[in-house]
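J.: Got data-v4.txt for you, compact mmCIF, C-alpha atoms:
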# COMPACT_ATOMS: atom_id res chain seq x y z
CA MET A 1418 11.72 -35.04 34.05
CA ASN A 1419 10.16 -37.72 36.28
CA ASN A 1420 6.56 -38.61 37.12
CA PHE A 1421 5.47 -39.63 40.63
CA MET A 1422 2.07 -41.01 41.73
CA TYR A 1423 0.62 -40.73 45.26
CA GLU A 1424 -2.63 -40.99 47.15
CA LEU A 1425 -1.81 -37.87 49.18
CA ILE A 1426 0.75 -35.11 48.66
CA VAL A 1427 1.67 -32.58 51.34
CA ILE A 1428 3.52 -29.43 50.32
CA GLY A 1429 5.77 -28.10 53.06
CA GLY A 1430 7.89 -30.05 55.54
CA GLY A 1431 7.39 -28.09 58.74
CA ILE A 1432 6.18 -29.19 62.17
CA SER A 1433 2.55 -28.79 61.07
CA SER A 1434 2.78 -31.18 58.12
CA CYS A 1435 4.84 -33.73 60.08
CA THR A 1436 2.25 -33.69 62.88
CA PHE A 1437 -0.60 -34.01 60.38
CA VAL A 1438 0.90 -36.93 58.45
CA SER A 1439 1.96 -38.76 61.61
CA ASN A 1440 -1.49 -38.48 63.17
CA LEU A 1441 -3.21 -39.44 59.90
CA LEU A 1442 -1.12 -42.63 59.76
CA LYS A 1443 -1.96 -43.31 63.39
CA LYS A 1444 -5.64 -43.19 62.46
CA GLY A 1445 -5.13 -45.89 59.85
CA PHE A 1446 -4.55 -44.14 56.53
CA LYS A 1447 -3.03 -46.76 54.19
CA GLY A 1448 -2.23 -44.75 51.06
CA LYS A 1449 1.17 -43.68 49.81
CA ILE A 1450 2.16 -40.14 50.88
CA ALA A 1451 4.73 -37.63 49.60
CA ILE A 1452 6.00 -34.58 51.48
CA ILE A 1453 7.51 -32.01 49.14
CA GLU A 1454 9.80 -29.43 50.76
CA THR A 1455 11.71 -26.62 49.08
CA GLY A 1456 14.40 -26.63 51.79
CA ARG A 1457 17.17 -29.08 52.56
CA ASN A 1458 15.47 -30.85 55.46
CA LEU A 1459 12.34 -31.03 57.57
CA GLY A 1460 11.43 -28.50 60.22
CA GLY A 1461 10.37 -25.37 58.36
CA ARG A 1462 11.03 -22.39 60.64
CA CYS A 1463 12.21 -24.91 63.25
CA SER A 1464 14.94 -26.27 60.99
CA SER A 1465 18.61 -26.74 61.84
CA ARG A 1466 21.65 -25.65 59.85
CA ILE A 1467 24.13 -28.46 59.34
CA SER A 1468 26.99 -26.50 57.89
CA LYS A 1469 28.88 -27.97 54.93
CA LYS A 1470 31.43 -25.17 55.03
CA ASN A 1471 31.93 -25.37 58.79
CA SER A 1472 32.17 -29.10 59.50
CA GLY A 1473 30.91 -30.35 62.85
CA TRP A 1474 28.51 -27.49 63.52
CA ILE A 1475 24.73 -27.85 63.91
CA LEU A 1476 22.81 -24.67 64.71
CA ASN A 1477 19.10 -24.47 65.41
CA HIS A 1478 18.80 -21.27 63.45
CA GLY A 1479 15.00 -21.06 63.59
CA SER A 1480 13.32 -21.89 66.88
CA PRO A 1481 15.86 -23.22 69.40
CA ASN A 1482 12.92 -24.39 71.53
CA PHE A 1483 9.13 -24.05 71.56
CA ASN A 1484 6.48 -23.18 74.11
CA ILE A 1485 3.08 -24.71 74.76
CA VAL A 1486 0.46 -22.57 76.51
CA ASN A 1487 -2.63 -24.71 75.82
CA ASN A 1488 -4.97 -22.28 77.54
CA THR A 1489 -8.01 -24.30 76.38
CA ASN A 1490 -6.59 -27.53 77.84
CA ASP A 1491 -6.87 -29.34 74.50
CA LEU A 1492 -6.70 -33.07 75.30
CA ASN A 1493 -5.20 -34.09 71.93
CA LEU A 1494 -2.43 -31.53 72.33
CA ASN A 1495 -1.74 -32.71 75.90
CA ASN A 1496 -1.52 -36.32 74.75
CA PHE A 1497 0.71 -35.40 71.82
CA ILE A 1498 3.20 -33.48 74.00
CA ASN A 1499 3.18 -36.20 76.68
CA ASP A 1500 3.91 -38.80 73.99
CA LEU A 1501 6.93 -36.81 72.80
CA LEU A 1502 8.13 -36.49 76.41
CA GLU A 1503 7.69 -40.20 77.13
CA LYS A 1504 9.62 -41.14 74.01
CA LYS A 1505 12.32 -38.65 74.99
CA PHE A 1506 11.98 -36.75 71.72
CA ILE A 1507 11.66 -33.54 73.72
CA LYS A 1508 12.58 -32.36 77.22
CA LYS A 1509 11.69 -29.49 79.47
CA ASN A 1510 13.71 -26.43 78.50
CA LYS A 1511 17.12 -26.28 80.19
CA SER A 1512 18.28 -23.03 78.67
CA LEU A 1513 18.99 -19.93 80.69
CA LEU A 1514 16.50 -17.29 79.54
CA ILE A 1515 17.22 -13.60 80.09
CA GLU A 1516 15.39 -10.51 78.87
CA LEU A 1517 17.18 -7.19 78.31
CA ASP A 1518 15.70 -3.71 78.30
CA GLN A 1519 17.01 -0.79 76.24
CA ASN A 1520 19.54 0.05 78.98
CA LEU A 1521 20.76 -3.57 78.91
CA ASN A 1522 19.40 -4.27 82.37
CA PHE A 1523 17.98 -7.70 83.15
CA SER A 1524 14.18 -7.60 83.27
CA LYS A 1525 12.42 -9.19 86.22
CA ASN A 1526 9.77 -10.77 84.02
CA LEU A 1527 9.98 -12.45 80.62
CA THR A 1528 7.49 -10.72 78.32
CA SER A 1529 8.33 -12.47 75.03
CA GLU A 1530 5.50 -14.53 73.51
CA PHE A 1531 8.06 -17.32 73.11
CA CYS A 1532 8.40 -17.62 76.90
CA MET A 1533 4.79 -18.19 77.94
CA GLY A 1534 3.54 -21.52 79.29
CA ASN A 1535 5.76 -24.61 79.28
CA ILE A 1536 8.95 -24.42 77.23
CA TYR A 1537 10.39 -27.52 75.56
CA ALA A 1538 13.44 -28.33 73.48
CA SER A 1539 14.37 -31.20 71.21
CA THR A 1540 16.65 -33.81 72.74
CA SER A 1541 18.63 -33.68 69.48
CA THR A 1542 18.04 -30.95 66.89
CA MET A 1543 14.82 -29.22 65.84
CA SER A 1544 15.02 -30.71 62.34
CA ASP A 1545 15.49 -34.14 63.86
CA LEU A 1546 12.41 -33.53 66.04
CA ALA A 1547 10.34 -33.01 62.89
CA ASN A 1548 11.67 -36.33 61.56
CA LYS A 1549 10.84 -38.10 64.81
CA ILE A 1550 7.31 -36.69 64.84
CA LEU A 1551 6.79 -37.86 61.27
CA ASN A 1552 8.09 -41.36 62.01
CA LEU A 1553 6.05 -41.86 65.18
CA ASN A 1554 3.57 -43.87 63.12
CA ASN A 1555 5.45 -44.42 59.88
CA ASN A 1556 6.45 -48.04 60.40
CA PRO A 1557 5.51 -49.27 56.91
CA LYS A 1558 7.51 -46.43 55.36
CA GLN A 1559 4.48 -45.02 53.62
CA VAL A 1560 6.00 -41.56 53.28
CA ASP A 1561 8.45 -40.38 50.62
CA LEU A 1562 10.36 -37.13 51.17
CA TYR A 1563 11.41 -34.74 48.41
CA PHE A 1564 13.81 -31.93 49.33
CA ASN A 1565 15.02 -28.93 47.31
CA GLU A 1566 11.83 -29.32 45.28
CA LEU A 1567 9.89 -26.11 44.69
CA ILE A 1568 6.36 -26.51 43.31
CA ILE A 1569 5.73 -23.71 40.80
CA ASP A 1570 2.47 -24.78 39.16
CA LEU A 1571 -0.53 -26.97 39.91
CA ALA A 1572 -3.74 -28.05 38.23
CA PHE A 1573 -6.84 -30.06 39.14
CA GLN A 1574 -7.60 -32.45 36.29
CA ASN A 1575 -10.02 -35.40 36.19
CA ASN A 1576 -10.49 -35.26 39.95
CA ASN A 1577 -6.74 -35.45 40.56
CA TRP A 1578 -3.99 -32.94 41.33
CA VAL A 1579 -1.02 -32.46 39.02
CA LEU A 1580 1.95 -30.57 40.46
CA LYS A 1581 4.96 -29.30 38.56
CA SER A 1582 8.27 -28.53 40.27
CA LYS A 1583 10.93 -26.06 39.23
CA LYS A 1584 13.09 -29.05 38.25
CA GLY A 1585 10.38 -30.14 35.83
CA ASN A 1586 9.19 -33.16 37.84
CA LEU A 1587 5.47 -33.98 37.80
CA PHE A 1588 3.62 -35.22 40.87
CA TYR A 1589 0.12 -36.74 40.67
CA SER A 1590 -2.17 -37.18 43.64
CA LYS A 1591 -5.83 -37.68 44.51
CA PHE A 1592 -5.60 -35.49 47.63
CA LEU A 1593 -3.49 -32.39 48.29
CA VAL A 1594 -2.60 -30.65 51.56
CA LEU A 1595 -0.82 -27.29 51.66
CA SER A 1596 1.00 -26.69 54.94
CA SER A 1597 2.83 -23.82 53.29
CA ASN A 1598 0.52 -21.11 51.99
CA LEU A 1599 2.93 -19.89 49.31
CA LEU A 1600 0.77 -21.23 46.47
CA LEU A 1601 -2.29 -19.29 47.66
CA HIS A 1602 -0.71 -16.08 48.98
CA LYS A 1603 -0.06 -12.93 46.97
CA ARG A 1604 3.69 -13.20 47.74
CA ALA A 1605 3.77 -16.22 45.38
CA LYS A 1606 3.63 -13.90 42.36
CA LYS A 1607 6.93 -12.26 43.26
CA ILE A 1608 8.72 -15.34 44.61
CA LEU A 1609 7.68 -17.64 41.75
CA ASN A 1610 7.70 -14.89 39.11
CA VAL A 1611 4.14 -15.60 37.99
CA ASP A 1612 1.24 -13.32 37.03
CA GLU A 1613 -1.45 -15.09 39.03
CA ILE A 1614 -1.62 -16.83 42.40
CA PRO A 1615 -1.09 -20.52 41.51
CA LEU A 1616 -4.09 -21.89 43.41
CA ALA A 1617 -6.37 -19.16 42.05
CA LYS A 1618 -5.22 -20.16 38.57
CA ALA A 1619 -5.86 -23.86 39.26
CA ILE A 1620 -9.33 -23.31 40.76
CA LYS A 1621 -11.15 -20.52 38.98
CA LYS A 1622 -14.18 -20.26 41.26
CA ASN A 1623 -14.89 -21.86 44.61
CA ILE A 1624 -16.39 -20.28 47.74
CA THR A 1625 -13.86 -21.82 50.18
CA ILE A 1626 -10.78 -21.16 48.04
CA ASP A 1627 -11.91 -17.64 47.14
CA GLU A 1628 -12.43 -16.79 50.80
CA ILE A 1629 -9.10 -18.17 51.99
CA ILE A 1630 -7.21 -16.32 49.22
CA HIS A 1631 -9.12 -13.12 50.03
CA LYS A 1632 -8.27 -13.36 53.73
CA LEU A 1633 -4.62 -14.06 53.00
CA LYS A 1634 -4.42 -10.69 51.24
CA TYR A 1635 -4.56 -9.21 54.72
CA GLN A 1636 -2.22 -11.65 56.40
CA HIS A 1637 1.37 -10.48 56.47
CA TYR A 1638 4.65 -11.95 57.62
CA ILE A 1639 7.43 -10.95 59.94
CA GLN A 1640 10.35 -11.59 57.61
CA ARG A 1641 13.40 -12.46 59.63
CA ILE A 1642 17.10 -12.31 58.93
CA ASN A 1643 19.39 -14.40 61.13
CA PHE A 1644 23.14 -13.97 61.52
CA LEU A 1645 25.01 -17.20 62.35
CA VAL A 1646 28.36 -16.74 64.07
CA TYR A 1647 30.79 -19.66 64.22
CA THR A 1648 33.25 -18.79 66.98
CA LYS A 1649 36.85 -19.87 67.37
CA LYS A 1650 37.71 -22.44 70.03
CA GLU A 1651 39.19 -19.70 72.24
CA TYR A 1652 35.82 -18.03 72.66
CA GLN A 1653 33.95 -19.05 75.83
CA LEU A 1654 31.42 -17.51 78.18
CA LYS A 1655 32.59 -15.67 81.28
CA GLU A 1656 31.01 -18.29 83.49
CA ASN A 1657 30.48 -21.99 82.97
CA ILE A 1658 26.71 -22.00 82.48
CA ALA A 1659 25.32 -25.45 83.32
CA LYS A 1660 22.57 -25.08 80.72
CA ASP A 1661 21.99 -26.30 77.17
CA ASN A 1662 21.74 -22.82 75.69
CA LEU A 1663 21.83 -19.23 76.84
CA ILE A 1664 19.09 -17.11 75.27
CA TYR A 1665 18.77 -13.35 75.47
CA TYR A 1666 15.43 -11.80 74.55
CA LEU A 1667 15.33 -8.08 73.85
CA ASP A 1668 12.18 -6.20 74.82
CA LYS A 1669 10.47 -3.99 72.23
CA ASN A 1670 12.44 -0.87 73.13
CA ALA A 1671 15.73 -2.77 73.07
CA GLN A 1672 14.83 -4.27 69.68
CA GLU A 1673 14.33 -0.79 68.26
CA LYS A 1674 17.61 0.41 69.74
CA PHE A 1675 19.86 -2.53 68.80
CA GLY A 1676 18.03 -4.21 65.91
CA PHE A 1677 17.95 -7.74 67.33
CA GLU A 1678 15.00 -9.73 68.64
CA ARG A 1679 16.84 -12.51 70.45
CA ILE A 1680 20.39 -13.83 70.64
CA ILE A 1681 21.08 -17.51 71.26
CA PHE A 1682 24.33 -19.09 72.42
CA GLN A 1683 24.35 -22.79 71.48
CA LYS A 1684 27.10 -25.04 72.77
CA GLN A 1685 28.32 -27.48 70.14
CA LYS A 1686 29.76 -30.98 70.43
CA ASN A 1687 33.12 -29.46 69.54
CA LYS A 1688 32.77 -27.37 72.77
CA ARG A 1689 32.54 -24.15 70.78
CA TYR A 1690 29.64 -21.72 70.90
CA GLY A 1691 27.50 -20.97 67.90
CA ILE A 1692 25.70 -17.64 68.16
CA VAL A 1693 22.45 -16.96 66.30
CA LEU A 1694 21.24 -13.36 66.19
CA HIS A 1695 17.58 -13.06 65.19
CA SER A 1696 16.45 -9.85 63.54
CA ARG A 1697 13.62 -8.52 61.40
CA LYS A 1698 13.99 -7.41 57.81
CA GLU A 1699 11.91 -4.25 58.34
CA ASN A 1700 14.16 -2.98 61.17
CA LYS A 1701 16.00 0.10 59.86
CA LEU A 1702 19.16 -0.77 61.77
CA ILE A 1703 19.31 -4.19 60.12
CA SER A 1704 18.66 -2.73 56.67
CA GLN A 1705 21.56 -0.33 57.19
CA LEU A 1706 23.77 -3.07 58.56
CA LEU A 1707 23.33 -5.15 55.40
CA LYS A 1708 24.38 -2.20 53.24
CA ASP A 1709 27.61 -1.59 55.17
CA ASN A 1710 30.52 -3.87 55.93
CA PHE A 1711 28.10 -6.07 57.86
CA GLU A 1712 30.63 -8.33 59.63
CA LYS A 1713 32.49 -5.43 61.20
CA GLU A 1714 29.28 -3.62 62.11
CA LEU A 1715 27.72 -6.82 63.46
CA LEU A 1716 30.66 -7.29 65.83
CA ASN A 1717 30.42 -3.67 66.95
CA ARG A 1718 26.75 -4.07 67.83
CA PHE A 1719 27.30 -7.42 69.50
CA ASN A 1720 30.10 -6.04 71.64
CA LYS A 1721 28.08 -2.95 72.56
CA LEU A 1722 25.31 -5.24 73.76
CA PHE A 1723 27.56 -7.41 75.91
CA GLU A 1724 30.53 -5.26 76.96
CA MET A 1725 29.25 -5.06 80.55
CA ASN A 1726 27.40 -8.38 80.64
CA PRO A 1727 28.21 -10.75 83.55
CA PHE A 1728 27.96 -13.91 81.40
CA ILE A 1729 29.05 -12.96 77.88
CA ASN A 1730 32.49 -12.09 76.60
CA THR A 1731 32.86 -9.62 73.77
CA LEU A 1732 33.76 -11.13 70.41
CA GLU A 1733 36.94 -9.99 68.67
CA ASN A 1734 37.44 -12.86 66.27
CA TYR A 1735 35.43 -15.65 64.72
CA GLU A 1736 35.63 -18.63 62.40
CA ASP A 1737 32.83 -17.56 60.06
CA ILE A 1738 29.61 -15.54 59.84
CA THR A 1739 26.74 -16.47 57.54
CA ILE A 1740 23.33 -14.90 56.91
CA MET A 1741 20.02 -16.75 56.83
CA LYS A 1742 17.35 -14.76 54.96
CA TRP A 1743 13.99 -16.39 55.59
CA ARG A 1744 11.69 -16.36 52.56
CA ALA A 1745 8.68 -16.20 54.87
CA SER A 1746 8.44 -16.21 58.59
CA GLN A 1747 5.98 -15.75 61.42
CA PRO A 1748 2.50 -14.79 60.16
CA CYS A 1749 0.79 -11.71 61.55
CA GLY A 1750 -2.36 -9.76 60.80
CA LEU A 1751 -5.63 -11.39 59.81
CA ARG A 1752 -6.09 -15.01 60.88
CA VAL A 1753 -7.62 -17.60 58.58
CA PRO A 1754 -10.68 -19.35 60.15
CA LEU A 1755 -10.33 -23.06 60.85
CA ARG A 1756 -13.62 -23.74 59.03
CA LEU A 1757 -11.68 -23.18 55.78
CA GLN A 1758 -9.22 -26.03 56.38
CA ILE A 1759 -10.85 -28.41 53.89
CA CYS A 1760 -12.36 -27.91 50.43
CA ASN A 1761 -14.18 -31.17 49.68
CA GLU A 1762 -15.04 -30.26 46.10
CA TYR A 1763 -11.38 -30.11 45.07
CA ASN A 1764 -9.81 -32.68 47.43
CA ILE A 1765 -7.58 -30.03 48.99
CA ALA A 1766 -6.89 -29.08 52.60
CA PHE A 1767 -4.63 -26.69 54.53
CA CYS A 1768 -2.73 -26.56 57.83
CA GLY A 1769 -0.17 -24.33 59.47
CA ASP A 1770 0.30 -21.71 62.18
CA TRP A 1771 -1.49 -19.16 59.96
CA PHE A 1772 -4.93 -20.35 61.08
CA ASP A 1773 -7.02 -18.71 63.80
CA MET A 1774 -5.98 -20.58 66.94
CA GLN A 1775 -4.94 -19.79 70.48
CA SER A 1776 -1.29 -20.00 69.40
CA PHE A 1777 -1.37 -18.22 66.04
CA GLY A 1778 2.12 -17.85 64.57
CA ARG A 1779 3.90 -20.24 66.94
CA VAL A 1780 4.97 -23.89 66.98
CA GLU A 1781 1.99 -24.71 69.19
CA GLY A 1782 -0.32 -23.40 66.49
CA ALA A 1783 1.44 -25.48 63.86
CA ILE A 1784 1.03 -28.64 65.95
CA LEU A 1785 -2.62 -27.93 66.74
CA SER A 1786 -3.40 -27.24 63.10
CA GLY A 1787 -1.90 -30.58 62.08
CA LEU A 1788 -3.82 -32.42 64.80
CA TYR A 1789 -7.11 -30.73 63.87
CA LEU A 1790 -6.70 -31.48 60.18
CA SER A 1791 -5.84 -35.15 60.70
CA GLU A 1792 -9.09 -35.54 62.68
CA LYS A 1793 -11.11 -33.93 59.87
CA MET A 1794 -9.30 -35.74 57.05
CA THR A 1795 -10.05 -39.14 58.56
CA GLU A 1796 -13.67 -38.65 57.51
CA PHE A 1797 -12.80 -36.77 54.31
CA ILE A 1798 -10.55 -39.41 52.71
Written as C-alpha cells, that's how I'd like the structure from this file.
T.:
Amino acid sequence: MNNFMYELIVIGGGISSCTFVSNLLKKGFKGKIAIIETGRNLGGRCSSRISKKNSGWILNHGSPNFNIVNNTNDLNLNNFINDLLEKKFIKKNKSLLIELDQNLNFSKNLTSEFCMGNIYASTSTMSDLANKILNLNNNPKQVDLYFNELIIDLAFQNNNWVLKSKKGNLFYSKFLVLSSNLLLHKRAKKILNVDEIPLAKAIKKNITIDEIIHKLKYQHYIQRINFLVYTKKEYQLKENIAKDNLIYYLDKNAQEKFGFERIIFQKQKNKRYGIVLHSRKENKLISQLLKDNFEKELLNRFNKLFEMNPFINTLENYEDITIMKWRASQPCGLRVPLRLQICNEYNIAFCGDWFDMQSFGRVEGAILSGLYLSEKMTEFI
C-alpha cells in the first residue's frame, strides 16, 4: 500500500477531465494534480484500443470522431476548438458518412445526433487527443496519471479528502473533482459491491450533494456493447474509398431490425480494416446474440447488412473478434443542473457530459463542462 499527496485529485480520465485540468493550468493553478482512471489510458468513452493480442492494431472503439454544434455560440468553446485545429490536434472529419434505413437503402439526410454541426476527428487517435488536450498547458509536468486504479471508498477528514483504491493505495487531497459520477450514482452499489453510495457515505448531509445524488437516481445510461473485428489482409472494400474511415449509421428502425447503432470501418497502418460494430445492451437481438455462438451469428448479421452494398464486401474470415462491454456509457434521462457543479463546503466539484447543457451526453458536453468548471474553480481554489 502506498500513500500519495496532492493539492487536487480528479477521478476519471475522459475528455471532460482533461479539458478541465488543462484549462485550470492555463489559468495559473500551481498545485500538484493527480488524475485517477480505472481504465488503461485516457479518453473515457473516446478511448482507443491498442491491442496486445493483435499487434499493430489501434481501434477507436468509442467515438471515432466528435461533433460540435455550439448553438449558443459559446466563445470559450470556439476558442478551444480553434486552438486544437491550429495545433493540428484535430481536423475536419474526412470520413464517409452513410445512414441506412431498415430496407438498407441510403438515406438522403443524416439524422443521427452524432452528425449534427461540425464533425472533427483526431489527427492521431482519440486517446492521444485526450493526452494532447491535457498537455496543452502542462509544461511543468504538474499532473500525475494513475491508470487501472479504481477508487472504492472516500472520506472527508480534517478538511481534506482521503481516497482508497481497490489496490489498497491511499490518495490525499485538499480538493476533489469527480468527472465520473460512479461514486455518487446508484449503480456504484452494484459495481463496487457496497451497501451505500460512496459519496453519500462520505458526506452525510449537504444540500448540494443530496440534490445531485437525488437527481442522479433518475439519470440512466445507454449501456453499449461493441464488437471489434480484426480482418485478415485479404479483406478490402469494394472500392478504394479516399477517406479516413467509412461510417454507417443505422436509423432507429434499422437499429431495431439489425441490432446495431453504427458500424465503423477504420483503415490501419498495416493496410487492413478494423471494423467496430456499436450496439446497445438492452437490444433484444444483441442479448440473444451473446447467448448463441456469437462469432458465427455476428458474421451472419454483418453479411446480411452488406450483401448488396456497393462499398462493403461480405466477411467470410477474420483474424480475431473481441467484445468491449462498456461499464457505463452515454447518459440519458434527467439532466443535472450546472449550478450543482461545486460544493464549497466540502471542497468537491463535478464535470462531465451528464450535466444540463446544449450537448448533453456528447463529447461537446464533456468539453463544455470542463471549460465551465475551470472558470468557476479559478475563484474557488
J.: Point out the residue among A:Asn1487, A:Ser1544, A:Gln1683, A:Gln1574 with the least atom-to-atom distance to Tyr1665 in chain A, counting all atoms listed in the file.
T.: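 Distance minimum relative to Tyr1665 in chain A lands on A:Gln1683.
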J.: Hey, which of A:Lys1504, A:Lys1698, A:Lys1708, A:Arg1744 ends up closest to Thr1455 in chain A? Count only C-alpha atoms.
T.: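 Nearest to Thr1455 in chain A: A:Arg1744.
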J.: Mind dumping a table of every range 1560-1640 of chain A residue within 10 Å of range 1433-1446 of chain A, with the nearest atom pair and its distance in Å to one decimal, using only C-alpha atoms, sorted by chain and rising number, as a Markdown table?
T.:
| residue | atom | partner | partner_atom | distance |
| --- | --- | --- | --- | --- |
| A:Val1560 | CA | A:Val1438 | CA | 8.6 |
| A:Val1594 | CA | A:Ser1434 | CA | 8.5 |
| A:Leu1595 | CA | A:Ser1434 | CA | 8.4 |
| A:Ser1596 | CA | A:Ser1434 | CA | 5.8 |
| A:Ser1597 | CA | A:Ser1434 | CA | 8.8 |
J.: Which residues are close to range 1780-1784 of chain A, i.e. within 10 Å by all atoms listed in the file, leaving aside same-chain residues fewer than 3 positions away? Reply as a PyMOL selection string.
T.: chain A and resi 1431-1437+1462-1463+1480+1482-1487+1494+1497-1498+1531+1596+1747+1768-1777+1787-1789
J.: Write the selection just made, keeping C-alpha atoms, as an mmCIF file, keeping the file's coordinate frame?
T.:
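File part.cif, as written:
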data_model
loop_
_atom_site.group_PDB
_atom_site.id
_atom_site.type_symbol
_atom_site.label_atom_id
_atom_site.label_comp_id
_atom_site.auth_asym_id
_atom_site.auth_seq_id
_atom_site.Cartn_x
_atom_site.Cartn_y
_atom_site.Cartn_z
ATOM 1 C CA GLY A 1431 7.390 -28.090 58.740
ATOM 2 C CA ILE A 1432 6.180 -29.190 62.170
ATOM 3 C CA SER A 1433 2.550 -28.790 61.070
ATOM 4 C CA SER A 1434 2.780 -31.180 58.120
ATOM 5 C CA CYS A 1435 4.840 -33.730 60.080
ATOM 6 C CA THR A 1436 2.250 -33.690 62.880
ATOM 7 C CA PHE A 1437 -0.600 -34.010 60.380
ATOM 8 C CA ARG A 1462 11.030 -22.390 60.640
ATOM 9 C CA CYS A 1463 12.210 -24.910 63.250
ATOM 10 C CA SER A 1480 13.320 -21.890 66.880
ATOM 11 C CA ASN A 1482 12.920 -24.390 71.530
ATOM 12 C CA PHE A 1483 9.130 -24.050 71.560
ATOM 13 C CA ASN A 1484 6.480 -23.180 74.110
ATOM 14 C CA ILE A 1485 3.080 -24.710 74.760
ATOM 15 C CA VAL A 1486 0.460 -22.570 76.510
ATOM 16 C CA ASN A 1487 -2.630 -24.710 75.820
ATOM 17 C CA LEU A 1494 -2.430 -31.530 72.330
ATOM 18 C CA PHE A 1497 0.710 -35.400 71.820
ATOM 19 C CA ILE A 1498 3.200 -33.480 74.000
ATOM 20 C CA PHE A 1531 8.060 -17.320 73.110
ATOM 21 C CA SER A 1596 1.000 -26.690 54.940
ATOM 22 C CA GLN A 1747 5.980 -15.750 61.420
ATOM 23 C CA CYS A 1768 -2.730 -26.560 57.830
ATOM 24 C CA GLY A 1769 -0.170 -24.330 59.470
ATOM 25 C CA ASP A 1770 0.300 -21.710 62.180
ATOM 26 C CA TRP A 1771 -1.490 -19.160 59.960
ATOM 27 C CA PHE A 1772 -4.930 -20.350 61.080
ATOM 28 C CA ASP A 1773 -7.020 -18.710 63.800
ATOM 29 C CA MET A 1774 -5.980 -20.580 66.940
ATOM 30 C CA GLN A 1775 -4.940 -19.790 70.480
ATOM 31 C CA SER A 1776 -1.290 -20.000 69.400
ATOM 32 C CA PHE A 1777 -1.370 -18.220 66.040
ATOM 33 C CA GLY A 1787 -1.900 -30.580 62.080
ATOM 34 C CA LEU A 1788 -3.820 -32.420 64.800
ATOM 35 C CA TYR A 1789 -7.110 -30.730 63.870
#
J.: At a cut-off of 9 Å, using all atoms listed in the file, what residues contact Ile1738 in chain A? Leave out same-chain residues fewer than 5 positions from it and give the result as a list in words.
T.: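 Contacts, in chain order: Phe1644, Leu1645, Val1646, Tyr1647, Thr1648 and Glu1712 of chain A.
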J.: Would you mind listing what lies within 7 Å of Lys1583 in chain A as a PyMOL selection string, with only C-alpha atoms counted and same-chain residues fewer than 6 positions away left out?
T.: chain A and resi 1566-1569
J.: Include C-alpha atoms and write out the residues we just selected as an mmCIF file, in the coordinates of the input.
T.:
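Saved result, out21.cif, follows:
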data_model
loop_
_atom_site.group_PDB
_atom_site.id
_atom_site.type_symbol
_atom_site.label_atom_id
_atom_site.label_comp_id
_atom_site.auth_asym_id
_atom_site.auth_seq_id
_atom_site.Cartn_x
_atom_site.Cartn_y
_atom_site.Cartn_z
ATOM 1 C CA GLU A 1566 11.830 -29.320 45.280
ATOM 2 C CA LEU A 1567 9.890 -26.110 44.690
ATOM 3 C CA ILE A 1568 6.360 -26.510 43.310
ATOM 4 C CA ILE A 1569 5.730 -23.710 40.800
#
J.: Work out how far CA of Lys1649 in chain A is from CA of Glu1724 in chain A, in Å to one decimal.
T.: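 Distance between the two atoms: 18.6 Å.
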J.: Tell me which of A:Ile1642, A:Leu1600, A:Phe1588, A:Ala1547 sits closest to Ser1746 in chain A, counting all atoms listed in the file.
T.: A:Ile1642
J.: So how far away is CA of Cys1760 in chain A from CA of Tyr1589 in chain A, in Å?
T.: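 CA of Cys1760 in chain A lies at a distance of 18.1 Å from CA of Tyr1589 in chain A.
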J.: Which neighbours of Ser1465 in chain A fall inside 6 Å, counting only C-alpha atoms, when residues of the same chain fewer than 3 positions from it are skipped, and could you give them as a PyMOL selection string?
T.: chain A and resi 1476-1478+1544
